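Next comes input_22.cif, a file with mmCIF, C-alpha atoms.
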data_target
loop_
_atom_site.group_PDB
_atom_site.id
_atom_site.type_symbol
_atom_site.label_atom_id
_atom_site.label_comp_id
_atom_site.auth_asym_id
_atom_site.auth_seq_id
_atom_site.Cartn_x
_atom_site.Cartn_y
_atom_site.Cartn_z
ATOM 1 C CA MET E 1 -22.931 -10.060 -16.874
ATOM 2 C CA ALA E 2 -19.570 -8.278 -16.725
ATOM 3 C CA MET E 3 -17.566 -8.465 -13.554
ATOM 4 C CA SER E 4 -15.657 -5.573 -12.070
ATOM 5 C CA ARG E 5 -12.880 -4.196 -14.245
ATOM 6 C CA SER E 6 -11.090 -3.299 -11.033
ATOM 7 C CA SER E 7 -10.065 -6.935 -10.616
ATOM 8 C CA THR E 8 -6.313 -7.501 -10.655
ATOM 9 C CA LEU E 9 -4.716 -10.425 -12.446
ATOM 10 C CA VAL E 10 -1.513 -11.617 -10.747
ATOM 11 C CA LEU E 11 1.082 -13.955 -12.244
ATOM 12 C CA GLY E 12 2.855 -15.912 -9.512
ATOM 13 C CA PRO E 13 6.521 -16.989 -9.662
ATOM 14 C CA VAL E 14 7.553 -19.848 -11.942
ATOM 15 C CA PRO E 15 7.576 -22.791 -9.496
ATOM 16 C CA TYR E 16 9.568 -25.194 -11.706
ATOM 17 C CA LEU E 17 13.145 -25.300 -12.939
ATOM 18 C CA TRP E 18 13.198 -24.026 -16.496
ATOM 19 C CA GLU E 19 16.457 -23.407 -18.318
ATOM 20 C CA GLY E 20 17.631 -19.802 -18.009
ATOM 21 C CA GLU E 21 16.917 -18.712 -21.570
ATOM 22 C CA ALA E 22 13.509 -20.394 -21.568
ATOM 23 C CA TRP E 23 12.727 -18.632 -18.269
ATOM 24 C CA ARG E 24 13.812 -15.294 -19.764
ATOM 25 C CA ASP E 25 11.831 -15.759 -22.972
ATOM 26 C CA PHE E 26 8.744 -16.770 -20.987
ATOM 27 C CA TYR E 27 8.758 -13.470 -19.114
ATOM 28 C CA PHE E 28 9.608 -11.447 -22.205
ATOM 29 C CA ARG E 29 6.443 -12.808 -23.815
ATOM 30 C CA ILE E 30 4.455 -12.161 -20.630
ATOM 31 C CA ALA E 31 5.661 -8.556 -20.735
ATOM 32 C CA ASP E 32 4.728 -8.094 -24.371
ATOM 33 C CA GLU E 33 1.459 -10.043 -24.631
ATOM 34 C CA ALA E 34 -0.124 -11.120 -21.340
ATOM 35 C CA PRO E 35 -2.923 -8.989 -19.808
ATOM 36 C CA VAL E 36 -1.653 -9.412 -16.253
ATOM 37 C CA ASP E 37 -1.306 -6.481 -13.890
ATOM 38 C CA VAL E 38 1.174 -7.816 -11.346
ATOM 39 C CA VAL E 39 4.071 -10.261 -11.749
ATOM 40 C CA SER E 40 5.722 -11.930 -8.774
ATOM 41 C CA LEU E 41 9.280 -12.685 -9.794
ATOM 42 C CA GLY E 42 11.864 -14.911 -8.145
ATOM 43 C CA GLU E 43 12.670 -18.375 -6.832
ATOM 44 C CA THR E 44 10.421 -19.698 -4.086
ATOM 45 C CA VAL E 45 11.224 -23.434 -4.130
ATOM 46 C CA CYS E 46 14.977 -24.158 -4.209
ATOM 47 C CA SER E 47 17.925 -21.796 -3.842
ATOM 48 C CA LYS E 48 20.130 -24.082 -5.974
ATOM 49 C CA ARG E 49 18.116 -22.966 -8.997
ATOM 50 C CA LEU E 50 19.011 -19.295 -8.630
ATOM 51 C CA HIS E 51 22.054 -19.366 -10.896
ATOM 52 C CA PHE E 52 19.922 -20.493 -13.845
ATOM 53 C CA PHE E 53 18.028 -17.220 -14.105
ATOM 54 C CA ASP E 54 20.269 -14.763 -12.218
ATOM 55 C CA PRO E 55 22.048 -13.707 -15.452
ATOM 56 C CA HIS E 56 18.677 -12.776 -16.967
ATOM 57 C CA PHE E 57 16.951 -11.359 -13.898
ATOM 58 C CA ASP E 58 17.628 -7.657 -14.430
ATOM 59 C CA ALA E 59 16.697 -7.823 -18.122
ATOM 60 C CA VAL E 60 13.413 -9.550 -17.267
ATOM 61 C CA LEU E 61 12.654 -7.058 -14.515
ATOM 62 C CA GLU E 62 13.307 -4.130 -16.837
ATOM 63 C CA ARG E 63 11.208 -5.636 -19.651
ATOM 64 C CA LEU E 64 8.240 -6.287 -17.384
ATOM 65 C CA GLU E 65 8.262 -2.812 -15.873
ATOM 66 C CA ALA E 66 8.715 -1.189 -19.268
ATOM 67 C CA ALA E 67 5.532 -2.990 -20.306
ATOM 68 C CA GLY E 68 3.647 -1.432 -17.394
ATOM 69 C CA LYS E 69 3.592 -4.483 -15.114
ATOM 70 C CA THR E 70 3.933 -4.070 -11.362
ATOM 71 C CA VAL E 71 6.717 -6.410 -10.254
ATOM 72 C CA HIS E 72 7.065 -7.907 -6.777
ATOM 73 C CA LEU E 73 10.140 -9.894 -5.748
ATOM 74 C CA ALA E 74 9.329 -13.264 -4.189
ATOM 75 C CA THR E 75 11.271 -14.820 -1.315
ATOM 76 C CA LEU E 76 12.144 -18.468 -0.685
ATOM 77 C CA ALA E 77 9.492 -20.606 0.967
ATOM 78 C CA LEU E 78 11.966 -22.452 3.203
ATOM 79 C CA ILE E 79 15.276 -21.221 4.603
ATOM 80 C CA THR E 80 17.448 -24.151 5.747
ATOM 81 C CA LEU E 81 21.033 -23.007 5.143
ATOM 82 C CA GLU E 82 23.134 -20.064 6.232
ATOM 83 C CA ARG E 83 23.841 -19.113 2.626
ATOM 84 C CA GLU E 84 20.085 -19.001 1.994
ATOM 85 C CA ARG E 85 19.618 -16.671 4.953
ATOM 86 C CA ARG E 86 22.367 -14.397 3.652
ATOM 87 C CA ALA E 87 20.856 -14.434 0.157
ATOM 88 C CA GLN E 88 17.467 -13.484 1.576
ATOM 89 C CA ASP E 89 18.961 -10.675 3.650
ATOM 90 C CA LYS E 90 20.665 -9.332 0.525
ATOM 91 C CA LEU E 91 17.414 -9.500 -1.414
ATOM 92 C CA LEU E 92 15.374 -7.786 1.301
ATOM 93 C CA ALA E 93 17.968 -5.020 1.571
ATOM 94 C CA ARG E 94 16.610 -3.598 -1.700
ATOM 95 C CA GLU E 95 14.644 -0.715 -0.218
ATOM 96 C CA ASP E 96 13.118 0.244 -3.565
ATOM 97 C CA ARG E 97 11.214 -3.015 -3.997
ATOM 98 C CA VAL E 98 7.942 -4.551 -2.848
ATOM 99 C CA PHE E 99 8.363 -8.193 -1.820
ATOM 100 C CA GLU E 100 6.044 -11.169 -1.813
ATOM 101 C CA VAL E 101 6.531 -13.041 1.447
ATOM 102 C CA SER E 102 6.680 -16.817 1.053
ATOM 103 C CA ASP E 103 7.876 -17.611 4.579
ATOM 104 C CA LEU E 104 7.636 -15.972 7.991
ATOM 105 C CA SER E 105 11.427 -15.671 8.153
ATOM 106 C CA ALA E 106 11.091 -12.778 5.699
ATOM 107 C CA LEU E 107 8.055 -11.225 7.346
ATOM 108 C CA HIS E 108 9.761 -9.932 10.479
ATOM 109 C CA LYS E 109 12.373 -8.109 8.378
ATOM 110 C CA LEU E 110 9.694 -6.247 6.424
ATOM 111 C CA LYS E 111 7.686 -4.748 9.278
ATOM 112 C CA GLY E 112 6.450 -1.325 8.219
ATOM 113 C CA ARG E 113 7.694 -1.769 4.652
ATOM 114 C CA PRO E 114 5.263 -2.415 1.773
ATOM 115 C CA HIS E 115 4.970 -6.101 0.915
ATOM 116 C CA THR E 116 2.424 -8.759 0.028
ATOM 117 C CA ILE E 117 1.625 -12.129 1.589
ATOM 118 C CA GLY E 118 1.875 -15.067 -0.810
ATOM 119 C CA PRO E 119 -0.196 -18.265 -0.832
ATOM 120 C CA LEU E 120 2.548 -20.317 0.878
ATOM 121 C CA VAL E 121 2.004 -18.424 4.134
ATOM 122 C CA ASN E 122 -0.909 -19.793 6.157
ATOM 123 C CA THR E 123 -3.719 -17.254 6.542
ATOM 124 C CA TYR E 124 -6.757 -19.008 7.929
ATOM 125 C CA ASN E 125 -8.696 -16.212 9.641
ATOM 126 C CA ALA E 126 -9.426 -12.509 9.478
ATOM 127 C CA ALA E 127 -7.408 -11.686 12.601
ATOM 128 C CA THR E 128 -4.252 -12.986 10.965
ATOM 129 C CA ALA E 129 -4.982 -11.031 7.776
ATOM 130 C CA ARG E 130 -5.527 -7.830 9.760
ATOM 131 C CA LEU E 131 -2.238 -8.388 11.583
ATOM 132 C CA TYR E 132 -0.403 -8.707 8.278
ATOM 133 C CA ALA E 133 -2.068 -5.538 6.976
ATOM 134 C CA ALA E 134 -1.148 -3.628 10.136
ATOM 135 C CA ARG E 135 2.484 -4.608 9.580
ATOM 136 C CA GLY E 136 2.476 -3.253 6.023
ATOM 137 C CA ALA E 137 1.034 -6.001 3.830
ATOM 138 C CA GLN E 138 -0.679 -4.498 0.782
ATOM 139 C CA SER E 139 -2.522 -7.717 -0.050
ATOM 140 C CA VAL E 140 -2.951 -11.255 1.252
ATOM 141 C CA CYS E 141 -3.197 -14.308 -0.998
ATOM 142 C CA LEU E 142 -5.306 -16.879 0.831
ATOM 143 C CA PRO E 143 -4.175 -20.541 0.835
ATOM 144 C CA PRO E 144 -5.696 -22.554 -2.035
ATOM 145 C CA GLU E 145 -7.255 -25.163 0.262
ATOM 146 C CA LEU E 146 -9.811 -22.769 1.767
ATOM 147 C CA PRO E 147 -13.492 -23.315 0.875
ATOM 148 C CA MET E 148 -15.676 -20.496 -0.376
ATOM 149 C CA THR E 149 -17.437 -20.229 2.988
ATOM 150 C CA SER E 150 -14.132 -19.512 4.754
ATOM 151 C CA ILE E 151 -13.000 -17.038 2.090
ATOM 152 C CA ALA E 152 -16.297 -15.172 2.381
ATOM 153 C CA ARG E 153 -16.099 -15.027 6.179
ATOM 154 C CA ILE E 154 -12.486 -13.841 6.220
ATOM 155 C CA ALA E 155 -13.163 -11.146 3.604
ATOM 156 C CA GLU E 156 -16.295 -10.017 5.444
ATOM 157 C CA ASP E 157 -14.494 -9.766 8.782
ATOM 158 C CA ALA E 158 -11.482 -7.906 7.337
ATOM 159 C CA PRO E 159 -12.887 -5.515 4.689
ATOM 160 C CA GLU E 160 -9.834 -3.285 4.989
ATOM 161 C CA VAL E 161 -7.585 -6.041 3.572
ATOM 162 C CA SER E 162 -7.064 -6.646 -0.153
ATOM 163 C CA PHE E 163 -7.508 -10.381 -0.690
ATOM 164 C CA GLU E 164 -6.168 -12.586 -3.460
ATOM 165 C CA VAL E 165 -7.161 -16.136 -4.436
ATOM 166 C CA SER E 166 -5.269 -18.695 -6.527
ATOM 167 C CA ALA E 167 -7.363 -19.291 -9.653
ATOM 168 C CA PHE E 168 -5.087 -21.405 -11.868
ATOM 169 C CA GLY E 169 -2.232 -23.842 -11.348
ATOM 170 C CA LYS E 170 -1.161 -27.009 -9.610
ATOM 171 C CA VAL E 171 -1.678 -26.673 -5.872
ATOM 172 C CA PRO E 172 1.438 -26.419 -3.656
ATOM 173 C CA LEU E 173 0.920 -29.046 -0.959
ATOM 174 C CA ALA E 174 4.206 -29.393 0.951
ATOM 175 C CA ILE E 175 7.853 -28.378 0.952
ATOM 176 C CA SER E 176 10.759 -30.201 2.567
ATOM 177 C CA ALA E 177 14.427 -29.759 3.429
ATOM 178 C CA ARG E 178 14.997 -32.998 1.476
ATOM 179 C CA CYS E 179 14.526 -33.495 -2.263
ATOM 180 C CA ALA E 180 12.256 -36.393 -3.150
ATOM 181 C CA HIS E 181 12.551 -35.440 -6.816
ATOM 182 C CA ALA E 182 16.314 -36.068 -6.798
ATOM 183 C CA ARG E 183 15.893 -39.252 -4.743
ATOM 184 C CA ALA E 184 13.322 -40.607 -7.203
ATOM 185 C CA LYS E 185 15.974 -40.341 -9.915
ATOM 186 C CA GLY E 186 18.776 -41.907 -7.881
ATOM 187 C CA HIS E 187 20.470 -38.765 -6.603
ATOM 188 C CA THR E 188 20.889 -36.927 -3.320
ATOM 189 C CA LYS E 189 19.907 -33.321 -2.764
ATOM 190 C CA ASP E 190 23.552 -32.199 -2.556
ATOM 191 C CA ASN E 191 24.313 -33.945 -5.866
ATOM 192 C CA CYS E 192 20.913 -33.564 -7.501
ATOM 193 C CA GLN E 193 22.365 -32.713 -10.925
ATOM 194 C CA PHE E 194 19.261 -30.524 -11.360
ATOM 195 C CA VAL E 195 17.162 -33.474 -12.542
ATOM 196 C CA CYS E 196 13.999 -31.461 -11.802
ATOM 197 C CA ALA E 197 14.710 -29.600 -15.049
ATOM 198 C CA GLU E 198 13.754 -32.815 -16.846
ATOM 199 C CA ASP E 199 10.172 -32.321 -15.640
ATOM 200 C CA PRO E 200 9.119 -28.756 -16.501
ATOM 201 C CA ASP E 201 5.623 -29.388 -15.103
ATOM 202 C CA GLY E 202 6.638 -31.651 -12.213
ATOM 203 C CA LEU E 203 7.370 -35.403 -11.941
ATOM 204 C CA PRO E 204 4.112 -37.405 -11.725
ATOM 205 C CA VAL E 205 3.678 -39.694 -8.723
ATOM 206 C CA GLU E 206 1.322 -42.678 -8.877
ATOM 207 C CA THR E 207 -0.358 -44.737 -6.178
ATOM 208 C CA LEU E 208 0.265 -48.485 -5.812
ATOM 209 C CA ASP E 209 -2.753 -48.914 -8.099
ATOM 210 C CA SER E 210 -1.002 -46.841 -10.803
ATOM 211 C CA GLN E 211 -3.361 -43.898 -10.375
ATOM 212 C CA PRO E 212 -1.911 -40.373 -10.839
ATOM 213 C CA PHE E 213 -1.734 -38.808 -7.390
ATOM 214 C CA LEU E 214 0.777 -35.981 -6.917
ATOM 215 C CA ALA E 215 3.730 -34.385 -8.666
ATOM 216 C CA LEU E 216 7.243 -33.719 -7.376
ATOM 217 C CA ASN E 217 8.856 -30.360 -8.022
ATOM 218 C CA GLY E 218 12.288 -30.503 -6.463
ATOM 219 C CA VAL E 219 11.819 -30.191 -2.694
ATOM 220 C CA GLN E 220 8.169 -29.285 -3.231
ATOM 221 C CA THR E 221 5.121 -31.525 -3.642
ATOM 222 C CA VAL E 222 2.269 -30.241 -5.791
ATOM 223 C CA SER E 223 -1.055 -31.641 -6.917
ATOM 224 C CA HIS E 224 -1.401 -33.829 -9.993
ATOM 225 C CA THR E 225 -4.482 -31.859 -11.009
ATOM 226 C CA CYS E 226 -4.575 -28.195 -11.957
ATOM 227 C CA ASN E 227 -6.723 -26.043 -9.710
ATOM 228 C CA VAL E 228 -9.050 -24.014 -11.940
ATOM 229 C CA LEU E 229 -11.473 -21.411 -10.621
ATOM 230 C CA MET E 230 -13.424 -20.064 -13.566
ATOM 231 C CA GLU E 231 -17.126 -20.411 -12.850
ATOM 232 C CA GLU E 232 -16.407 -19.292 -9.264
ATOM 233 C CA LEU E 233 -14.862 -15.910 -10.157
ATOM 234 C CA ALA E 234 -18.139 -13.971 -9.973
ATOM 235 C CA ALA E 235 -18.966 -15.373 -6.530
ATOM 236 C CA LEU E 236 -15.476 -14.533 -5.280
ATOM 237 C CA GLU E 237 -15.882 -10.963 -6.490
ATOM 238 C CA ARG E 238 -19.223 -10.693 -4.716
ATOM 239 C CA HIS E 239 -17.444 -11.709 -1.523
ATOM 240 C CA GLY E 240 -14.911 -8.927 -1.965
ATOM 241 C CA VAL E 241 -11.982 -10.720 -3.616
ATOM 242 C CA ARG E 242 -10.421 -8.475 -6.257
ATOM 243 C CA ARG E 243 -7.103 -10.218 -7.006
ATOM 244 C CA PHE E 244 -6.756 -13.498 -8.864
ATOM 245 C CA ARG E 245 -3.509 -15.454 -9.154
ATOM 246 C CA LEU E 246 -2.292 -17.564 -12.045
ATOM 247 C CA SER E 247 0.590 -19.945 -11.296
ATOM 248 C CA PRO E 248 2.836 -20.573 -14.329
ATOM 249 C CA GLN E 249 2.530 -24.097 -15.720
ATOM 250 C CA HIS E 250 4.193 -25.643 -18.777
ATOM 251 C CA CYS E 251 1.612 -24.345 -21.240
ATOM 252 C CA ASP E 252 0.689 -21.136 -23.057
ATOM 253 C CA MET E 253 0.358 -18.833 -20.064
ATOM 254 C CA VAL E 254 -0.346 -15.835 -22.307
ATOM 255 C CA GLY E 255 -3.388 -17.726 -23.535
ATOM 256 C CA VAL E 256 -4.361 -18.586 -19.952
ATOM 257 C CA ALA E 257 -4.111 -14.934 -18.917
ATOM 258 C CA GLN E 258 -6.174 -13.804 -21.915
ATOM 259 C CA ILE E 259 -8.924 -16.271 -21.027
ATOM 260 C CA TYR E 260 -9.101 -15.150 -17.419
ATOM 261 C CA ARG E 261 -9.018 -11.492 -18.401
ATOM 262 C CA GLY E 262 -11.883 -12.095 -20.785
ATOM 263 C CA VAL E 263 -13.994 -13.809 -18.124
ATOM 264 C CA LEU E 264 -13.227 -11.132 -15.544
ATOM 265 C CA ASP E 265 -14.091 -8.371 -18.006
ATOM 266 C CA GLY E 266 -17.297 -10.090 -19.093
ATOM 267 C CA THR E 267 -16.277 -10.494 -22.735
ATOM 268 C CA LEU E 268 -16.063 -14.268 -22.327
ATOM 269 C CA ALA E 269 -18.601 -16.523 -20.620
ATOM 270 C CA PRO E 270 -17.149 -18.760 -17.883
ATOM 271 C CA ASP E 271 -18.177 -21.980 -19.646
ATOM 272 C CA GLU E 272 -16.572 -20.809 -22.870
ATOM 273 C CA GLY E 273 -13.470 -19.756 -20.959
ATOM 274 C CA LEU E 274 -13.275 -23.185 -19.370
ATOM 275 C CA ALA E 275 -13.552 -24.891 -22.763
ATOM 276 C CA ARG E 276 -10.744 -22.738 -24.147
ATOM 277 C CA LEU E 277 -8.609 -23.409 -21.087
ATOM 278 C CA ARG E 278 -8.845 -27.163 -21.701
ATOM 279 C CA GLU E 279 -7.449 -26.543 -25.197
ATOM 280 C CA VAL E 280 -4.589 -24.428 -23.855
ATOM 281 C CA TYR E 281 -3.615 -26.941 -21.137
ATOM 282 C CA PRO E 282 -4.596 -30.346 -22.532
ATOM 283 C CA GLY E 283 -3.904 -33.673 -20.869
ATOM 284 C CA VAL E 284 -3.977 -32.300 -17.318
ATOM 285 C CA PRO E 285 -7.136 -32.889 -15.259
ATOM 286 C CA PHE E 286 -8.737 -29.826 -13.687
ATOM 287 C CA SER E 287 -9.910 -29.644 -10.090
ATOM 288 C CA ASN E 288 -11.779 -27.187 -7.886
ATOM 289 C CA GLY E 289 -12.799 -29.371 -4.962
ATOM 290 C CA PHE E 290 -11.217 -27.263 -2.231
ATOM 291 C CA ILE E 291 -13.296 -24.160 -2.862
ATOM 292 C CA HIS E 292 -16.476 -26.268 -2.818
ATOM 293 C CA GLY E 293 -15.552 -27.894 0.485
ATOM 294 C CA ALA E 294 -14.868 -31.237 -1.201
ATOM 295 C CA VAL E 295 -11.767 -33.345 -1.842
ATOM 296 C CA GLY E 296 -9.279 -31.006 -3.468
ATOM 297 C CA ALA E 297 -8.591 -33.229 -6.487
ATOM 298 C CA GLU E 298 -12.275 -33.414 -7.450
ATOM 299 C CA TRP E 299 -13.970 -31.400 -10.179
ATOM 300 C CA ILE E 300 -17.286 -29.893 -9.101
ATOM 301 C CA ASP E 301 -19.599 -28.515 -11.767
ATOM 302 C CA ALA E 302 -20.434 -25.093 -10.404
ATOM 303 C CA ALA E 303 -23.727 -25.058 -12.295
#

Rewrite the coordinates I just gave you, this time as structure tokens.
Amino acid sequence: MAMSRSSTLVLGPVPYLWEGEAWRDFYFRIADEAPVDVVSLGETVCSKRLHFFDPHFDAVLERLEAAGKTVHLATLALITLERERRAQDKLLAREDRVFEVSDLSALHKLKGRPHTIGPLVNTYNAATARLYAARGAQSVCLPPELPMTSIARIAEDAPEVSFEVSAFGKVPLAISARCAHARAKGHTKDNCQFVCAEDPDGLPVETLDSQPFLALNGVQTVSHTCNVLMEELAALERHGVRRFRLSPQHCDMVGVAQIYRGVLDGTLAPDEGLARLREVYPGVPFSNGFIHGAVGAEWIDAA
């Protein structure tokens, strides 16, 4: 059965450090080939990475908008330095843009201006979502750790809010003022030498028993598994969710977007979509435990 064609497919910001030209070419291909409606563009993890893509930013922005994509500019998830505060103030001064808020330090500067709430901002109840909407938020992306029961209750209690759910990507778990990624490779944060670029999908972290556990992404910690909501999309739509987020990973994201668009449009069965997704992103275990109220790293067969 086809789901609603009114569903919006959102591509979140690239969370990893990719070389500038690779970053540019990724978005050029997204503009030309990916069936996504909204692209959130910018650096959310580490301000030291900005100079890698700054030379290409305007060209990417122009290419995406020329292709009919709605582009939101994402803010940093953690402001720790004065230069980062100044950079954010300069970014938010662009009156012609809609921003995706990644941290509350940006929220108070956007009161009354159109913006969206990203998944890095905690939204755990309907009252909070309504407050964001009253301040100008056009949509709210709920945190990926929420179970379906909580998502349904929040959406039911705040029907006036446009809700978004993360449907693909490694789960952001924590962010720090220190860089464990640099430390793991024998460097300090101030002299990191951008070693996170060596791990375009994050640096795997194992337990003492040599079991894959997490992944380091600069100052951010993400899950080892990739959160995949495919068989759950129909239920989310029934609960009023109309926006679905894909977080860029080091794989064919055009292919990922095409699979999700097919499932949302009803031209591709969820089980077939899941099988194709495993071909597009091989070698990485999938998980969906959070939405089923289980351990986040688990895979629950929705059937």

With segment 176-186 of chain E as the partner and 12 Å as the cut-off, tabulate the residues of segment 11-45 of chain E that qualify, each row holding the nearest pair of atoms and their distance in Å to one decimal, using only C-alpha atoms, sorted by chain and rising number, as a Markdown table.
| residue | atom | partner | partner_atom | distance |
| --- | --- | --- | --- | --- |
| E:Tyr16 | CA | E:His181 | CA | 11.7 |
| E:Leu17 | CA | E:His181 | CA | 11.9 |
| E:Val45 | CA | E:Ser176 | CA | 9.5 |

Emit the selected residues as a PDB file, in the coordinates of the input, including C-alpha atoms.
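result.pdb, written as the output of this step:
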ATOM      1  CA  TYR E  16       9.568 -25.194 -11.706  1.00  0.00           C
ATOM      2  CA  LEU E  17      13.145 -25.300 -12.939  1.00  0.00           C
ATOM      3  CA  VAL E  45      11.224 -23.434  -4.130  1.00  0.00           C
TER       4      VAL E  45
END

Exercise. Need the neighbours of (14.3, -13.8, -19.4): which residues are at most 10 Å away, counting all atoms listed in the file, as a list in words?
Worked result: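 Returned residue set, sorted by chain then number, is Glu19, Gly20, Glu21, Ala22, Trp23, Arg24, Asp25, Phe26, Tyr27, Phe28, Arg29, Phe53, Asp54, Pro55, His56, Phe57, Asp58, Ala59, Val60, Leu61, Arg63 and Leu64 of chain E.
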
Per residue of segment 68-171 of chain E within 12 Å of segment 259-277 of chain E, which atom pair is closest and at what distance in Å (one decimal), using all atoms listed in the file, listed by chain and increasing number, as CSV?
residue,atom,partner,partner_atom,distance
E:Ala167,CA,E:Tyr260,CA,9.0
E:Phe168,CA,E:Tyr260,CA,9.3
E:Gly169,CA,E:Leu277,CA,11.6

Exercise. Residues picked by the PyMOL selection byres ((chain E and resi 236) around 12) here, as number ranges by chain?
Worked result: E: 3-4, 7, 147-156, 163-167, 229-235, 237-244, 264, 291

Exercise. What do you get, as a ChimeraX atom specification, if you spell out every residue that the PyMOL selection byres ((chain E and resi 34) around 12) selects here?
Worked result: /E:9-11,26-33,35-39,64,67-69,246,252-262

Exercise. Nearest to Glu65 of chain E: which of E:Leu41, E:Ala137, E:Leu78, E:Cys196 is it, counting all atoms listed in the file?
Worked result: E:Leu41
